[in-house]
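Participant: Below you'll find the structure I mean.
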Amino acid sequence: MILLIDGLIKFMFVTNESGNNIASQFKSYCWLNEFGTDGGPAAKSLRPKLNVFSNHMSTRTGFKLPEVEIKHLVAAAIALKGIGSLLFIFDSSLGAYLLLLHQLIATPILYDFYNYDVEKKEFAQLFPKFTQNLALFGALLFYIGMKNSIPRRLRKRPAPKTKTT
């Protein structure tokens with residue numbers, strides 16, 4: 001029973017991971033179906049955000065981000081999120097690491113609130129989503145930390161044998 005509840009909680013976390021509602025999952029599914037040869041609508045909406053992010057990073061840090069094709073970035077995001085979600089549901093820390101990597105790469109690019117003034121409408125839309133993904137990043141770190149703090153021999157304890165008399 002405890003494993004069922006644990007699995008349901010993880011499933012709810014993974015389905016809420018990207019956007020906190022079913023519409024976001026449907027949007028991801030549509031992006032996957034409309035991927036095509038150029039990356040589909042995801043690539044078209046991601047291209048300007050990636051350009052702004054790379055310009056912002058190069059002016060702030062002095063390092064230029066390597067050129068990547070947008071369709072490869074979209075495919076990698078879909079793969080990281082999909083494979084990571086499945087592995088995470090089945091209690092694999094590798095899945096948590098993949099979701100952590102997805103959050104680390106996607107969050108600052110997709111939710112670029114730092115490019116807008118505080119009074120702008122875009123800032124009010126992007127900042128809560130950014131902080132939600134930051135909280136999910138922290139939850140994944142907590143999960144990984146808790147998973148690594150439990151010794152392996154305690155995780156796979158054999159069931160107690162019943163005594164027959």
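Every chain in the structure tokens takes a letter, A first, then B, and so on in the order presented; its residues are numbered from 1, and the ligands are numbered from 1 following the presented order.
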Determine, counting only C-alpha atoms, which protein, DNA and RNA residues have an atom within 12 Å of an atom of region 52-64 of chain A; residues of the same chain fewer than 2 positions away are not included. Present the result as a ChimeraX atom specification.

Facilitator: /A:46-50,66-68,105-116

Participant: Calculate how many Å separate CA of Leu99 (chain A) from CA of Gly84 (chain A), rounding to one decimal.

Facilitator: 5.3 Å

Participant: So which one's closest to Lys147 (chain A), A:Leu134, A:Leu94, A:Ala43, A:Ile78? Using only C-alpha atoms, please.

Facilitator: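 Answer, going by the shortest atom-to-atom distance: A:Leu94.
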
Participant: Hey, what's within 12 Å of Ala135 (chain A) if we count only C-alpha atoms and toss same-chain stuff fewer than 2 positions away? As a PyMOL selection string, please?

Facilitator: chain A and resi 13+16-18+100+103-104+107+128-133+137-142

Participant: Would you please work out which residue, of A:Gly95, A:Ala42, A:Lys161, A:Ile70, is nearest to Gly82 (chain A) when using only C-alpha atoms?

Facilitator: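 Closest residue, counting only C-alpha atoms: A:Gly95.
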
Participant: When DSSP works through the backbone of this structure, what residues of region 41-146 of chain A end up as helix (DSSP H, G or I), shown as a ChimeraX atom specification?

Facilitator: /A:41-61,70-89,93-110,113-115,121-146

Participant: Those residues you just picked out, can you put them in a file as a compact mmCIF listing (two decimals), in the first residue's frame with C-alpha atoms?

Facilitator:
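So the final result, stored in result26.txt, reads:
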# COMPACT_ATOMS: atom_id res chain seq x y z
CA PRO A 41 6.14 24.81 -32.97
CA ALA A 42 8.37 24.16 -29.97
CA ALA A 43 11.45 25.13 -31.96
CA LYS A 44 9.76 28.23 -33.32
CA SER A 45 8.85 29.47 -29.85
CA LEU A 46 12.17 28.44 -28.32
CA ARG A 47 14.47 30.07 -30.89
CA PRO A 48 13.97 33.72 -29.76
CA LYS A 49 14.20 32.78 -26.09
CA LEU A 50 17.42 30.86 -26.66
CA ASN A 51 18.92 33.78 -28.61
CA VAL A 52 18.05 36.22 -25.82
CA PHE A 53 19.41 33.82 -23.19
CA SER A 54 22.70 33.27 -25.04
CA ASN A 55 23.14 37.03 -25.56
CA HIS A 56 22.38 37.63 -21.88
CA MET A 57 24.87 34.96 -20.77
CA SER A 58 27.62 36.19 -23.09
CA THR A 59 27.28 39.81 -21.89
CA ARG A 60 27.15 38.82 -18.20
CA THR A 61 29.82 36.12 -18.10
CA ILE A 70 16.93 24.09 -31.99
CA LYS A 71 15.39 20.80 -33.10
CA HIS A 72 18.15 18.92 -31.26
CA LEU A 73 17.49 20.97 -28.14
CA VAL A 74 13.76 20.23 -28.32
CA ALA A 75 14.41 16.52 -28.89
CA ALA A 76 16.80 16.43 -25.94
CA ALA A 77 14.26 18.18 -23.71
CA ILE A 78 11.54 15.70 -24.69
CA ALA A 79 13.88 12.75 -24.14
CA LEU A 80 15.17 14.01 -20.78
CA LYS A 81 11.70 14.71 -19.50
CA GLY A 82 10.13 11.50 -20.82
CA ILE A 83 12.85 9.04 -19.83
CA GLY A 84 13.50 10.83 -16.56
CA SER A 85 9.81 10.77 -15.66
CA LEU A 86 9.47 7.06 -16.34
CA LEU A 87 12.59 6.20 -14.38
CA PHE A 88 11.56 8.51 -11.53
CA ILE A 89 8.17 6.83 -11.22
CA SER A 93 17.67 8.07 -8.87
CA LEU A 94 18.89 8.24 -12.49
CA GLY A 95 15.42 9.52 -13.41
CA ALA A 96 15.71 12.20 -10.76
CA TYR A 97 19.10 13.23 -12.14
CA LEU A 98 17.68 13.42 -15.68
CA LEU A 99 14.76 15.57 -14.50
CA LEU A 100 17.22 17.73 -12.57
CA LEU A 101 19.28 18.24 -15.72
CA HIS A 102 16.12 19.13 -17.67
CA GLN A 103 15.10 21.67 -15.02
CA LEU A 104 18.60 23.14 -14.93
CA ILE A 105 18.70 23.71 -18.68
CA ALA A 106 15.07 24.54 -19.48
CA THR A 107 14.03 26.80 -16.60
CA PRO A 108 16.25 29.84 -17.24
CA ILE A 109 15.61 29.66 -20.98
CA LEU A 110 11.84 29.19 -20.95
CA PHE A 113 11.59 36.96 -16.36
CA TYR A 114 14.93 38.76 -15.98
CA ASN A 115 14.48 40.36 -19.41
CA LYS A 121 2.74 41.82 -17.71
CA GLU A 122 5.32 39.29 -18.96
CA PHE A 123 7.26 39.53 -15.69
CA ALA A 124 4.11 38.74 -13.70
CA GLN A 125 3.48 35.69 -15.90
CA LEU A 126 7.02 34.31 -16.03
CA PHE A 127 8.29 34.88 -12.49
CA PRO A 128 5.78 32.56 -10.72
CA LYS A 129 6.50 29.81 -13.25
CA PHE A 130 10.24 30.30 -12.74
CA THR A 131 9.91 30.08 -8.96
CA GLN A 132 7.69 26.99 -9.27
CA ASN A 133 10.34 25.26 -11.36
CA LEU A 134 12.96 26.38 -8.87
CA ALA A 135 10.91 24.74 -6.11
CA LEU A 136 10.67 21.55 -8.18
CA PHE A 137 14.44 21.68 -8.64
CA GLY A 138 14.81 21.85 -4.86
CA ALA A 139 12.36 18.98 -4.40
CA LEU A 140 14.41 16.84 -6.79
CA LEU A 141 17.58 17.71 -4.86
CA PHE A 142 15.80 16.74 -1.63
CA TYR A 143 14.68 13.44 -3.17
CA ILE A 144 18.19 12.63 -4.35
CA GLY A 145 19.63 13.55 -0.96
CA MET A 146 17.12 11.40 0.91
